[in-house]
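A.B. asks: Structure below; questions to follow.
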Amino acid sequence: MAEIRVEHLRKAFGEFVAVQDSSFTVEDGEFLALLGPSGCGKTTTLRMIAGLELPTGGAIRLGGEDVTYKRASERDIAFVFQLFALYPHMNVRKNIGFPLLAQGVPKAEIKARVEETARLLQIDHILDRPVSGLAGGDRQRVALGRAIVRRPMCFLMDEPLGTLDAEFREVMVRELRELHNRIHATTVYVTHDQIEAMAMADKIAVMNHGVIEQFGTPQEIYDRPASMYVADFIGSPPMNFIRFTAGLQKGARAARIGAAEVEMPELRRDVAPGALALGVRPEHVRFSESSPLRGAIYGSEYLGTNQIVTVEIEGGLVRARLPAEHSYRIGEPVGLTFKSQRLSLFDAGSGRVIPSVLHEGALRQEARHG
Amino acid sequence: MSPAKTTTVNTAHSVVEPSARSKRIAGTLVIVYALVTMLPLAWIFLTSIKSPPDSISYPPKILFTPSIEGYCNLFTTRTRQTPEYIASLPAPDGVCDAVTRQRNMVIAGPSNFLPRFTNSLIIAFGSTFLAVGLGTLAAYGFSRFKVPMADDLLFFILSTRMMPPIAVAIPIYLMYRQLGLSDTALGMMLLYTAVNVSLAVWLLKGFIDEIPREYEEAAMIDGYSRLQAFRKVVLPQATTGIAATAIFCLIFAWNEYAFASLLTSGSAQTAPPFIPTIIGEGGQDWPAVAAGTTIFLVPILVFTILLRKQLLRGITFGAVRK
């Protein structure tokens with residue numbers, strides 16, 4: 001096992017820049033999720049780490065060794081493809097043993113290691129079956145088996161759960177994480193599904209248009225989004241943005257939105273007058289009759305344990321996650337309060353977060369990963 | 001063809017399921033078409049087992065006593081002798097000897113049919129092997145790599161097939177004479193390979209395009225070189241396409257007449273230009289011609305039956321996605 005360092009990685013396909021100036025480090029034994037919408041460059045980044053694409057610029061180090069321009073076969077990595085790419089003309093046993101065959105491992109040892117891997121993944125009963133008749137979950141396990149049997153430096157996975165149905169995906173998410181806890185393999189996992197990323201990863205890199213918007217733990221990314229893009233991408237429903245115009249001083253602890261004075265974490269720098277957006281997670285919104293921030297009920301979605309109530313206020317719509325007991329009438333006037341120490345303030349023009357007390361931990365984190 | 005799906009809903013206007021009536025019509029059409037196409041083949045086979053007088057009798061005989069004479073005449077050359085001489089010979093050695101003597105003739109030696117047939121086998125299978133081998137490699141290249149001007153090259157390859165053979169026959173004849181390739185099996189094999197490679201590249205590119213790249217990528221990550229990945233992962237999956245392509249190439253090379261009759265005359269002559277020459281030997285020997293044709297059909301028939309599943313998929317490839 002080894003750490004993966006990606007330095008100023010860049011990939012252009014002709015005019016189109018798929019990945020620009022990406023740098024991050026996956027520490028030994030860490031599980032990194034590359035998260036983003038389709039076309040954001042996450043798969044291209046993964047394929048460059050694998051050696052299936054050559055970068056236009058930058059460097060990739062696996063366990064300290066520069067492998068930027070090495071062939072895939074010389075990198076000692078394992079890759080799990082979205083459609084698994086199980087060799088259809090081989091049975092399960094041969095599929096799992098195929099990488100060992102390339103390394104010239106003796107037959108008896110291949111047999112032993114394939115069987116050990118199959119036991120680990122609980123697929124030892126299907127070893128001699130053809131892969132064509134396997135169910136989705138078993139195909140997934142065989143693909144994982146082929147990856148772990150060779151004990152590579154790291155695992156790369158390209159949306160491996162993308163083709164499974166939702167119910168089964170949850171099972172596989174748990175299995176994958178348990179597997180990771182057992183073998184502690186450095187893993188880079190590409191997904192567009194925030195729930196998968198949040199549930200499995202130690203670190204998440206949120207990508208957009210070829211740029212890593214934020215790199216951090218799932219908690220950091222959820223609680224302290226570095227940009228409006230990240231705040232909007234993570235969370236369901238996503239973070240509310242209350243748009244207003246103001247100029248603020250370093251040390252400010254409140255902003256005037258309409259008639260109301262809204263408290264927020266102490267700012268760490270001056271903000272020139274301009275368009276701002278206050279970011280509020282739906283679970284940090286409460287209703288209070290005495291609040292000067294007024295709005296009217298716009299609609300509600302009942303979710304069983306709680307409900308999402310949408311309120312129309314001056315700066316736009318605000319969604320609140322509230323207990324399910326009380327039901328609201330559309331048009332009913334309400335007052336809003338926020339959990340003030342959990343709010344983020346964004347520069348609405350650039351979309352970047354304005355540093356406050358809330359971000360001190362996260363900023364240190366970001367600086368470390370450069 | 002495909003087994004009809006039985007559905008519980010059976011409305012008269014079902015869009016998915018053809019009605020019983022249209023199935024009957026389709027079945028009748030197929031049977032009629034099969035009869036029309038099979039009739040000449042059946043006639044050839046029947047003629048091959050007729051005696052020469054039966055074969056030219058008018059009206060044609062449907063019921064006749066089968067005779068092996070056509071096959072005997074195909075494989076032998078015969079000389080006419082006086083009945084006295086034939087009577088003086090020892091007892092006939094085998095069936096053919098006996099049949100020949102009834103016509104006041106004796107077997108003088110083997111005919112050229114067997115060597116010509118062997119030429120056909122060597123040239124057709126050899127050129128098919130070469131064309132499919134080269135075609136697979138070229139198709140893989142076109143399918144997987146960024147080949148500069150790939151579209152133009154592919155069109156150029158295809159365009160070699162647009163020319164009628166007769167248009168290039170004379171230049172090829174002259175070139176082959178210079179190179180010492182005229183009337184050689186090697187020359188014919190190269191020529192058929194050149195013609196078939198274009199077909200092979202186009203057909204196989206379609207098949208290889210359908211094999212996802214992930215398989216090779218997986219193999220390369222598993223520690224194999226591209227060539228190994230090609231051999232161990234792509235080739236086994238392309239067998240259907242390779243088999244279908246091989247049949248098409250073989251059929252062309254096996255049946256080819258124009259080049260064969262122009263460029264071969266002696267030692268490298270193939271069966272197609274040879275069979276018509278049988279007519280001339282000792283009158284119009286239709287049973288012998290039919291026998292030659294029947295035997296000529298056998299290898300391609302066997303090959304096609306062996307690979308019929310692949311052939312069917314080969315014909316419909318692109319239209320039906322698996």
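How things are named: the first chain in the structure tokens is A, the next is B, and so on; residues count from 1 in each chain; ligands count from 1 in the order shown.
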Leaving out range 154-160 of chain B and any residue of its chain fewer than 4 positions from it, which residues lie within 10 Å of it when counting only C-alpha atoms, given as a list of chain:residue names?

C.D. replies: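 My reading of the contact set: B:Ala139, B:Phe142, B:Met149, B:Ala150, B:Pro164, B:Pro165, B:Ala194, B:Val195, B:Asn196, B:Val197, B:Ser198, B:Leu199, B:Ala200, B:Val201, B:Trp202.
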
A.B. asks: Give me the residues of chain A that have any atom at most 6 Å from an atom of chain B; for each, the nearest atom pair and the distance in Å, rounded to one decimal. Use only C-alpha atoms, sort by chain and number, and format it as a Markdown table.

C.D. replies:
```
| residue | atom | partner | partner_atom | distance |
| --- | --- | --- | --- | --- |
| A:Ala72 | CA | B:Ile221 | CA | 5.1 |
| A:Ser73 | CA | B:Gly223 | CA | 4.1 |
| A:Ala85 | CA | B:Tyr215 | CA | 5.3 |
| A:Pro99 | CA | B:Asp222 | CA | 4.4 |
| A:Ala102 | CA | B:Gly223 | CA | 5.6 |
```

A.B. asks: Quick one: write out the picked residues with N, CA and C atoms as a PDB file, in the first residue's frame?

C.D. replies:
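For reference, result_8.pdb as written:
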```pdb
ATOM      1  N   ALA A  72       0.105   1.445 -17.723  1.00  0.00           N
ATOM      2  CA  ALA A  72      -0.793   0.947 -16.679  1.00  0.00           C
ATOM      3  C   ALA A  72      -0.248  -0.350 -16.078  1.00  0.00           C
ATOM      4  N   SER A  73       0.306  -1.210 -16.944  1.00  0.00           N
ATOM      5  CA  SER A  73       0.745  -2.524 -16.461  1.00  0.00           C
ATOM      6  C   SER A  73       1.959  -2.427 -15.546  1.00  0.00           C
ATOM      7  N   ALA A  85     -16.181  -4.952 -16.366  1.00  0.00           N
ATOM      8  CA  ALA A  85     -15.248  -5.518 -17.350  1.00  0.00           C
ATOM      9  C   ALA A  85     -14.757  -6.897 -16.936  1.00  0.00           C
ATOM     10  N   PRO A  99      -4.916 -11.442 -13.060  1.00  0.00           N
ATOM     11  CA  PRO A  99      -3.765 -10.573 -12.773  1.00  0.00           C
ATOM     12  C   PRO A  99      -2.566 -11.341 -12.220  1.00  0.00           C
ATOM     13  N   ALA A 102      -0.493 -12.904 -14.953  1.00  0.00           N
ATOM     14  CA  ALA A 102       0.405 -11.958 -15.614  1.00  0.00           C
ATOM     15  C   ALA A 102       1.709 -11.813 -14.851  1.00  0.00           C
TER      16      ALA A 102
END
```

A.B. asks: For range 228-233 of chain A, find every residue with an atom within 7 Å (counting only C-alpha atoms), except residues of its own chain fewer than 6 positions away, and show them as an mmCIF file with C-alpha atoms, in the first residue's frame.

C.D. replies:
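Contents of result31.cif, freshly written:
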```cif
data_model
loop_
_atom_site.group_PDB
_atom_site.id
_atom_site.type_symbol
_atom_site.label_atom_id
_atom_site.label_comp_id
_atom_site.auth_asym_id
_atom_site.auth_seq_id
_atom_site.Cartn_x
_atom_site.Cartn_y
_atom_site.Cartn_z
ATOM 1 C CA VAL A 206 -15.486 17.792 -4.979
ATOM 2 C CA GLU A 213 -13.489 22.904 -5.607
ATOM 3 C CA MET A 239 -27.883 24.574 1.292
ATOM 4 C CA PHE A 346 -20.318 33.574 0.254
ATOM 5 C CA GLY A 351 -19.003 31.883 -5.383
ATOM 6 C CA ARG A 352 -16.140 31.499 -2.891
#
```

A.B. asks: As a list in words, please: the residues near range 268-282 of chain B (cut-off 7 Å, only C-alpha atoms, same-chain neighbours under 3 positions excluded).

C.D. replies: Arg116, Phe117, Asn119, Ser120, Asp183, Thr184, Ala185, Asn255, Tyr257, Ala260, Ser261, Thr264, Ser265, Asp285, Trp286, Val289 and Gly292 of chain B

A.B. asks: Within 8 Å of Ser356 in chain A, counting only C-alpha atoms, which residues show up once you throw out same-chain ones fewer than 4 positions away? Write them as a compact mmCIF listing (two decimals) with C-alpha atoms, in the first residue's frame, please.

C.D. replies:
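Output saved as around.txt:
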```txt
# COMPACT_ATOMS: atom_id res chain seq x y z
CA PRO A 265 -19.88 33.48 12.69
CA GLU A 266 -17.32 36.27 13.15
CA LEU A 267 -15.78 37.26 9.81
CA ARG A 268 -12.01 37.01 9.42
CA ARG A 269 -11.65 39.61 6.70
CA SER A 344 -21.52 30.34 5.76
CA GLU A 360 -10.48 28.18 10.66
```
